[in-house]
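Below is one structure, written out as structure tokens; the observations come after it.
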Amino acid sequence: MTPEFSRRTILQGTGAGALALLMGGAAAAPARASGSQRAVYHMTPPSGWLCDPQRPVYTNGAYQLYYLHSSINNGQGGWDHATTTDGVSFAHHGAVLPLQPNFPVWSGSGVVDSANTAGFGAGAVVVLATKPTDGIRKYQEQYLYWSTDGGYTFTALADPVIVNTDGRTATTQAEIDNAEWFRDPKIHWDAVRGEWVCVIGRARYAAFYTSPNLKNWQWKSNFDYPNHALGGIECPDLFEMTAGDGTRHWVFAASMDAYSIGLPMTYAYWMGTWNGTSFVADNLTPQWLDWGWDWYAAVTWPSVDAPDTKRLATAWMNNWKYAARDVPTDVSDGYNGQNSITRELRLEKQGGGWYSLLSTPVSALSGYVTATTTLPNRAVNGSYVLPWTGRAYELELDIAWDTAANVGVSVGRSADGSRHTNIGKYGNEVYVDRSPSDLNGYSLVPFTRAAAPIDAGARSVHLRIFVDKQSVEVFVNAGHTVLSQQVHFTDGDTGISLYSDGGPANFTGITIREFGNPI
């Protein structure tokens, strides 16, 4: 398992090579964007504020993806609807579960009720979503909606199907605090036992319920993790998956805020078993699917082509520590927020005997590449600026070294070198440091540098770096580690440079795949 360490440490590794890239001229105030800053190959809302994605269901030959949406930043809202056939290109269909007076719609999940267990018709799409009844926070409860047209229009039941009994009886502050966290139902069909299973996020545990018909639910158990410093459970996930060696495993996961102990604020997961009543973890220390600052409210779902061995995943590229602030795209394009690129997840046994989820960008993304550039191998001792510029691309390369202390790549480099985001390996960490890309008025301090553990003795690393106009996502060593960060690049932040401090490093296989057309 990975060791705990602080992700907030200042980057000791920004040494001579990285700093030399700053010396091209005096640091100038960054130019404000003159044109559209909308992401080129990430899903963004047509306008307004995008928040949590909701797990897609597959109907009518497409994935139906829903997401929380509001007309103002961090405002109350409902669910908007988008469809995709490949996880890359999305068509938007507007509000599907709209805001109602005193009834904002929060996160939840949908399923296709193939057997008509709920009585709305075979193949109906049934959604459970959290709403605060009468707008009262301690009355967060789970409401049911159903659709008979594949998930394009919905009808609502008037009353909640899972009542917050804690909220109805809470009187002390501790009871109220617990009641005010009863959210984000995630449901799936348990084919072995012939029933529906729902997991709901609580402040210090996950609550499991079962139902024969999606309407009548019975509480079964709680999963209480011992380290409450990991934060409360939001957007929980429970699924079974076949690993590369053919064995079957259950995964319980949730978005959690472990900032206080120097761990991620992203998607934590536990391997274990589901026995029809409770989830039993193999190890009570979670693993993390992303180590950046911006991969929250993640959802996973089975791929249509290989549902047992491959799941798809996406997340909200934001963080509740700063999500409510304005960002450059509010001004340039009238929207705030984007989803991460869709990932393909696979489950593999690791050398220590445990199983881990590995991530790769969804394969369909390669079909949107408009140009590919291969650059010569380069030995670097200090720094070197690549003869290429662009704003939306994948950079893939290998780095190998012997004595160098700090090696990496700078993306989003301005012409004078004053602005850039560093991605590299230093000591026992692989890091993404966006602090030199900060904009006045949009600063992310102290949430600038993210780091993940790596073998301190490693002398090589393979990187796939996905840069878009407002983000960086880094896949390390075949997806064993991923770091996702929003970064506010400006029009002139188009360069790439290589650096090595404390000795030479060899940069090989340098390939740039450009996304030249908005998707």
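Following the order of the structure tokens, chains are lettered A, B, ..., residues in each are numbered from 1, and ligands are numbered from 1.
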
- Message: According to DSSP computed on the backbone, where in region 90-317 of chain A is there strand (DSSP E or B)? Give the residues as a ChimeraX atom specification.
- Response: /A:91-97,100,103,108-113,124-132,140-147,155-156,162,182-190,195-202,206-211,218-223,234-242,248-255,267-274,279-281,287-288,296-302,311-316

- For region 273-280 of chain A, list every protein, DNA or RNA residue within 10 Å, evaluated using only C-alpha atoms, and leave out those in the same chain fewer than 5 positions away; present the list as number ranges by chain. A: 190, 192-193, 195, 197, 206-210, 219-224, 238-240, 248-252

Print the selection's residues with N, CA and C atoms to a file, as a PDB file, in the first residue's frame.
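The new file result.pdb reads:
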ATOM      1  N   ASP A 190     -28.226  -6.580  -7.904  1.00  0.00           N
ATOM      2  CA  ASP A 190     -27.483  -7.733  -7.410  1.00  0.00           C
ATOM      3  C   ASP A 190     -28.116  -8.978  -8.029  1.00  0.00           C
ATOM      4  N   VAL A 192     -27.109 -12.039  -8.168  1.00  0.00           N
ATOM      5  CA  VAL A 192     -27.004 -13.257  -7.368  1.00  0.00           C
ATOM      6  C   VAL A 192     -28.179 -13.372  -6.413  1.00  0.00           C
ATOM      7  N   ARG A 193     -28.592 -12.260  -5.830  1.00  0.00           N
ATOM      8  CA  ARG A 193     -29.631 -12.288  -4.799  1.00  0.00           C
ATOM      9  C   ARG A 193     -30.973 -11.749  -5.302  1.00  0.00           C
ATOM     10  N   GLU A 195     -32.007  -8.596  -6.178  1.00  0.00           N
ATOM     11  CA  GLU A 195     -32.493  -7.395  -5.507  1.00  0.00           C
ATOM     12  C   GLU A 195     -31.604  -6.210  -5.859  1.00  0.00           C
ATOM     13  N   VAL A 197     -29.420  -2.904  -4.731  1.00  0.00           N
ATOM     14  CA  VAL A 197     -28.571  -2.461  -3.627  1.00  0.00           C
ATOM     15  C   VAL A 197     -28.332  -0.965  -3.785  1.00  0.00           C
ATOM     16  N   ALA A 206     -20.620   4.659   5.282  1.00  0.00           N
ATOM     17  CA  ALA A 206     -21.520   4.448   4.155  1.00  0.00           C
ATOM     18  C   ALA A 206     -22.642   3.541   4.617  1.00  0.00           C
ATOM     19  N   ALA A 207     -23.879   3.855   4.206  1.00  0.00           N
ATOM     20  CA  ALA A 207     -25.043   3.076   4.604  1.00  0.00           C
ATOM     21  C   ALA A 207     -25.560   2.289   3.405  1.00  0.00           C
ATOM     22  N   PHE A 208     -25.807   0.989   3.621  1.00  0.00           N
ATOM     23  CA  PHE A 208     -26.276   0.099   2.561  1.00  0.00           C
ATOM     24  C   PHE A 208     -27.737  -0.282   2.788  1.00  0.00           C
ATOM     25  N   TYR A 209     -28.498  -0.235   1.678  1.00  0.00           N
ATOM     26  CA  TYR A 209     -29.907  -0.591   1.684  1.00  0.00           C
ATOM     27  C   TYR A 209     -30.160  -1.576   0.546  1.00  0.00           C
ATOM     28  N   THR A 210     -31.231  -2.380   0.683  1.00  0.00           N
ATOM     29  CA  THR A 210     -31.638  -3.263  -0.412  1.00  0.00           C
ATOM     30  C   THR A 210     -33.136  -3.093  -0.654  1.00  0.00           C
ATOM     31  N   TRP A 219     -32.760  -0.825   5.351  1.00  0.00           N
ATOM     32  CA  TRP A 219     -31.354  -0.642   5.754  1.00  0.00           C
ATOM     33  C   TRP A 219     -30.750  -1.989   6.133  1.00  0.00           C
ATOM     34  N   LYS A 220     -29.497  -2.229   5.692  1.00  0.00           N
ATOM     35  CA  LYS A 220     -28.805  -3.492   5.959  1.00  0.00           C
ATOM     36  C   LYS A 220     -27.602  -3.342   6.877  1.00  0.00           C
ATOM     37  N   SER A 221     -26.733  -2.351   6.586  1.00  0.00           N
ATOM     38  CA  SER A 221     -25.501  -2.240   7.375  1.00  0.00           C
ATOM     39  C   SER A 221     -24.828  -0.925   7.053  1.00  0.00           C
ATOM     40  N   ASN A 222     -23.800  -0.618   7.842  1.00  0.00           N
ATOM     41  CA  ASN A 222     -22.927   0.524   7.576  1.00  0.00           C
ATOM     42  C   ASN A 222     -21.495   0.027   7.383  1.00  0.00           C
ATOM     43  N   PHE A 223     -20.782   0.704   6.492  1.00  0.00           N
ATOM     44  CA  PHE A 223     -19.338   0.472   6.381  1.00  0.00           C
ATOM     45  C   PHE A 223     -18.653   1.652   7.046  1.00  0.00           C
ATOM     46  N   ASP A 224     -18.027   1.389   8.192  1.00  0.00           N
ATOM     47  CA  ASP A 224     -17.400   2.431   8.990  1.00  0.00           C
ATOM     48  C   ASP A 224     -15.891   2.275   8.900  1.00  0.00           C
ATOM     49  N   LEU A 238     -20.118   1.299  -5.672  1.00  0.00           N
ATOM     50  CA  LEU A 238     -19.978  -0.111  -5.311  1.00  0.00           C
ATOM     51  C   LEU A 238     -20.179  -0.939  -6.565  1.00  0.00           C
ATOM     52  N   PHE A 239     -19.175  -1.747  -6.914  1.00  0.00           N
ATOM     53  CA  PHE A 239     -19.277  -2.559  -8.129  1.00  0.00           C
ATOM     54  C   PHE A 239     -18.369  -3.773  -8.020  1.00  0.00           C
ATOM     55  N   GLU A 240     -18.652  -4.760  -8.863  1.00  0.00           N
ATOM     56  CA  GLU A 240     -17.841  -5.972  -8.968  1.00  0.00           C
ATOM     57  C   GLU A 240     -17.147  -5.965 -10.318  1.00  0.00           C
ATOM     58  N   ARG A 248     -12.597 -12.447  -9.492  1.00  0.00           N
ATOM     59  CA  ARG A 248     -13.642 -11.436  -9.328  1.00  0.00           C
ATOM     60  C   ARG A 248     -13.474 -10.729  -7.981  1.00  0.00           C
ATOM     61  N   HIS A 249     -13.702  -9.422  -7.983  1.00  0.00           N
ATOM     62  CA  HIS A 249     -13.498  -8.622  -6.774  1.00  0.00           C
ATOM     63  C   HIS A 249     -14.545  -7.519  -6.701  1.00  0.00           C
ATOM     64  N   TRP A 250     -14.916  -7.163  -5.475  1.00  0.00           N
ATOM     65  CA  TRP A 250     -15.788  -6.021  -5.242  1.00  0.00           C
ATOM     66  C   TRP A 250     -14.951  -4.804  -4.874  1.00  0.00           C
ATOM     67  N   VAL A 251     -15.439  -3.650  -5.301  1.00  0.00           N
ATOM     68  CA  VAL A 251     -14.785  -2.376  -5.003  1.00  0.00           C
ATOM     69  C   VAL A 251     -15.819  -1.451  -4.376  1.00  0.00           C
ATOM     70  N   PHE A 252     -15.482  -0.891  -3.225  1.00  0.00           N
ATOM     71  CA  PHE A 252     -16.263   0.211  -2.659  1.00  0.00           C
ATOM     72  C   PHE A 252     -15.413   1.465  -2.729  1.00  0.00           C
TER      73      PHE A 252
END

With a distance cut-off of 6 Å and only C-alpha atoms, select the neighbouring residues of region 37-48 of chain A, excluding the residue or stretch itself and same-chain residues fewer than 3 positions from it, and output the selection as a PDB file with all heavy atoms, in the first residue's frame.
ATOM      1  N   SER A  70     -26.116  24.632 -12.632  1.00  0.00           N
ATOM      2  CA  SER A  70     -26.765  25.823 -12.104  1.00  0.00           C
ATOM      3  C   SER A  70     -26.443  27.000 -13.012  1.00  0.00           C
ATOM      4  O   SER A  70     -25.422  26.998 -13.716  1.00  0.00           O
ATOM      5  CB  SER A  70     -26.272  26.114 -10.679  1.00  0.00           C
ATOM      6  OG  SER A  70     -26.769  27.355 -10.210  1.00  0.00           O
ATOM      7  N   SER A  71     -27.302  28.017 -12.987  1.00  0.00           N
ATOM      8  CA  SER A  71     -27.050  29.202 -13.811  1.00  0.00           C
ATOM      9  C   SER A  71     -25.987  30.096 -13.205  1.00  0.00           C
ATOM     10  O   SER A  71     -25.416  30.945 -13.893  1.00  0.00           O
ATOM     11  CB  SER A  71     -28.354  30.002 -13.999  1.00  0.00           C
ATOM     12  OG  SER A  71     -28.866  30.407 -12.727  1.00  0.00           O
ATOM     13  N   ILE A  72     -25.674  29.912 -11.908  1.00  0.00           N
ATOM     14  CA  ILE A  72     -24.645  30.709 -11.248  1.00  0.00           C
ATOM     15  C   ILE A  72     -23.673  29.793 -10.533  1.00  0.00           C
ATOM     16  O   ILE A  72     -24.001  28.660 -10.189  1.00  0.00           O
ATOM     17  CB  ILE A  72     -25.250  31.710 -10.243  1.00  0.00           C
ATOM     18  CG1 ILE A  72     -26.017  30.959  -9.138  1.00  0.00           C
ATOM     19  CG2 ILE A  72     -26.167  32.706 -10.957  1.00  0.00           C
ATOM     20  CD1 ILE A  72     -26.496  31.859  -8.017  1.00  0.00           C
ATOM     21  N   THR A 329     -12.939  31.267 -17.611  1.00  0.00           N
ATOM     22  CA  THR A 329     -13.979  30.935 -18.593  1.00  0.00           C
ATOM     23  C   THR A 329     -15.329  31.568 -18.254  1.00  0.00           C
ATOM     24  O   THR A 329     -16.197  31.659 -19.121  1.00  0.00           O
ATOM     25  CB  THR A 329     -14.156  29.413 -18.722  1.00  0.00           C
ATOM     26  OG1 THR A 329     -14.411  28.854 -17.426  1.00  0.00           O
ATOM     27  CG2 THR A 329     -12.919  28.779 -19.339  1.00  0.00           C
ATOM     28  N   GLY A 334     -18.629  32.221 -20.602  1.00  0.00           N
ATOM     29  CA  GLY A 334     -19.894  32.128 -19.902  1.00  0.00           C
ATOM     30  C   GLY A 334     -20.161  30.802 -19.238  1.00  0.00           C
ATOM     31  O   GLY A 334     -21.321  30.430 -19.037  1.00  0.00           O
ATOM     32  N   TYR A 335     -19.127  30.049 -18.872  1.00  0.00           N
ATOM     33  CA  TYR A 335     -19.325  28.788 -18.167  1.00  0.00           C
ATOM     34  C   TYR A 335     -18.207  28.586 -17.162  1.00  0.00           C
ATOM     35  O   TYR A 335     -17.145  29.205 -17.240  1.00  0.00           O
ATOM     36  CB  TYR A 335     -19.387  27.595 -19.134  1.00  0.00           C
ATOM     37  CG  TYR A 335     -18.028  27.082 -19.571  1.00  0.00           C
ATOM     38  CD1 TYR A 335     -17.380  26.078 -18.858  1.00  0.00           C
ATOM     39  CD2 TYR A 335     -17.369  27.613 -20.678  1.00  0.00           C
ATOM     40  CE1 TYR A 335     -16.126  25.614 -19.236  1.00  0.00           C
ATOM     41  CE2 TYR A 335     -16.120  27.148 -21.061  1.00  0.00           C
ATOM     42  CZ  TYR A 335     -15.500  26.156 -20.343  1.00  0.00           C
ATOM     43  OH  TYR A 335     -14.256  25.698 -20.717  1.00  0.00           O
ATOM     44  N   GLN A 338     -15.548  21.706 -15.877  1.00  0.00           N
ATOM     45  CA  GLN A 338     -15.436  20.694 -16.913  1.00  0.00           C
ATOM     46  C   GLN A 338     -15.271  19.330 -16.264  1.00  0.00           C
ATOM     47  O   GLN A 338     -14.857  19.216 -15.115  1.00  0.00           O
ATOM     48  CB  GLN A 338     -14.249  20.979 -17.831  1.00  0.00           C
ATOM     49  CG  GLN A 338     -12.879  20.793 -17.176  1.00  0.00           C
ATOM     50  CD  GLN A 338     -11.730  21.082 -18.122  1.00  0.00           C
ATOM     51  OE1 GLN A 338     -11.719  22.087 -18.821  1.00  0.00           O
ATOM     52  NE2 GLN A 338     -10.754  20.185 -18.146  1.00  0.00           N
ATOM     53  N   ASN A 339     -15.626  18.302 -17.024  1.00  0.00           N
ATOM     54  CA  ASN A 339     -15.328  16.934 -16.610  1.00  0.00           C
ATOM     55  C   ASN A 339     -13.928  16.568 -17.045  1.00  0.00           C
ATOM     56  O   ASN A 339     -13.385  17.135 -18.003  1.00  0.00           O
ATOM     57  CB  ASN A 339     -16.320  15.952 -17.227  1.00  0.00           C
ATOM     58  CG  ASN A 339     -17.671  15.969 -16.534  1.00  0.00           C
ATOM     59  OD1 ASN A 339     -17.839  16.573 -15.476  1.00  0.00           O
ATOM     60  ND2 ASN A 339     -18.641  15.307 -17.133  1.00  0.00           N
ATOM     61  N   ILE A 341     -11.179  13.953 -18.785  1.00  0.00           N
ATOM     62  CA  ILE A 341     -11.312  13.036 -19.903  1.00  0.00           C
ATOM     63  C   ILE A 341     -11.798  11.691 -19.362  1.00  0.00           C
ATOM     64  O   ILE A 341     -11.524  11.319 -18.222  1.00  0.00           O
ATOM     65  CB  ILE A 341      -9.990  12.861 -20.686  1.00  0.00           C
ATOM     66  CG1 ILE A 341      -8.853  12.361 -19.794  1.00  0.00           C
ATOM     67  CG2 ILE A 341      -9.595  14.134 -21.380  1.00  0.00           C
ATOM     68  CD1 ILE A 341      -7.570  12.090 -20.531  1.00  0.00           C
ATOM     69  N   ASP A 468      -4.990  20.692 -21.905  1.00  0.00           N
ATOM     70  CA  ASP A 468      -6.066  21.413 -22.583  1.00  0.00           C
ATOM     71  C   ASP A 468      -6.014  22.857 -22.106  1.00  0.00           C
ATOM     72  O   ASP A 468      -5.177  23.206 -21.263  1.00  0.00           O
ATOM     73  CB  ASP A 468      -7.417  20.755 -22.289  1.00  0.00           C
ATOM     74  CG  ASP A 468      -8.445  20.961 -23.407  1.00  0.00           C
ATOM     75  OD1 ASP A 468      -8.291  21.914 -24.200  1.00  0.00           O
ATOM     76  OD2 ASP A 468      -9.410  20.180 -23.488  1.00  0.00           O
ATOM     77  N   LYS A 469      -6.887  23.683 -22.594  1.00  0.00           N
ATOM     78  CA  LYS A 469      -6.766  25.115 -22.327  1.00  0.00           C
ATOM     79  C   LYS A 469      -6.855  25.462 -20.846  1.00  0.00           C
ATOM     80  O   LYS A 469      -6.347  26.492 -20.423  1.00  0.00           O
ATOM     81  CB  LYS A 469      -7.844  25.876 -23.097  1.00  0.00           C
ATOM     82  CG  LYS A 469      -7.590  25.946 -24.598  1.00  0.00           C
ATOM     83  CD  LYS A 469      -8.567  26.886 -25.278  1.00  0.00           C
ATOM     84  CE  LYS A 469      -8.241  27.053 -26.751  1.00  0.00           C
ATOM     85  NZ  LYS A 469      -9.142  28.035 -27.418  1.00  0.00           N
ATOM     86  N   PRO A 518     -12.148  21.795 -31.886  1.00  0.00           N
ATOM     87  CA  PRO A 518     -13.007  21.624 -30.711  1.00  0.00           C
ATOM     88  C   PRO A 518     -13.905  20.406 -30.871  1.00  0.00           C
ATOM     89  O   PRO A 518     -14.465  20.172 -31.939  1.00  0.00           O
ATOM     90  CB  PRO A 518     -13.829  22.918 -30.683  1.00  0.00           C
ATOM     91  CG  PRO A 518     -13.023  23.908 -31.474  1.00  0.00           C
ATOM     92  CD  PRO A 518     -12.323  23.113 -32.529  1.00  0.00           C
ATOM     93  N   ILE A 519     -14.019  19.619 -29.814  1.00  0.00           N
ATOM     94  CA  ILE A 519     -14.834  18.407 -29.851  1.00  0.00           C
ATOM     95  C   ILE A 519     -16.175  18.690 -29.181  1.00  0.00           C
ATOM     96  O   ILE A 519     -16.201  19.162 -28.049  1.00  0.00           O
ATOM     97  CB  ILE A 519     -14.113  17.246 -29.146  1.00  0.00           C
ATOM     98  CG1 ILE A 519     -12.787  16.961 -29.860  1.00  0.00           C
ATOM     99  CG2 ILE A 519     -14.980  16.006 -29.098  1.00  0.00           C
ATOM    100  CD1 ILE A 519     -11.911  15.950 -29.155  1.00  0.00           C
TER     101      ILE A 519
END

- Query: Would you give me, as a ChimeraX atom specification, the residues in region 167-229 of chain A that DSSP reads as alpha helix (DSSP H)?
  - Reply: /A:167-169,173-179

- Task: Show which residues sit within 8 Å of Gly231 (chain A), as a VMD selection string. Count only C-alpha atoms, and ignore same-chain residues fewer than 5 positions away.
- Result: chain A and resid 203 to 204 256 to 258

- Task: Go through A:Ser437, A:Thr342, A:Gln218, A:Gln64 and flag the residue nearest Gly150 (chain A), using only C-alpha atoms for the distances.
- Result: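 For Gly150 (chain A), the nearest of the given residues is A:Gln64.
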
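When only C-alpha atoms are used to measure the gap to Thr117 (chain A), the shortest distance among A:Lys215, A:Lys131, A:His92, A:Arg183 belongs to A:Lys215.
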
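One distance worth recording is that between CA of Thr266 (chain A) and CA of Gly87 (chain A), which is 20.6 Å.
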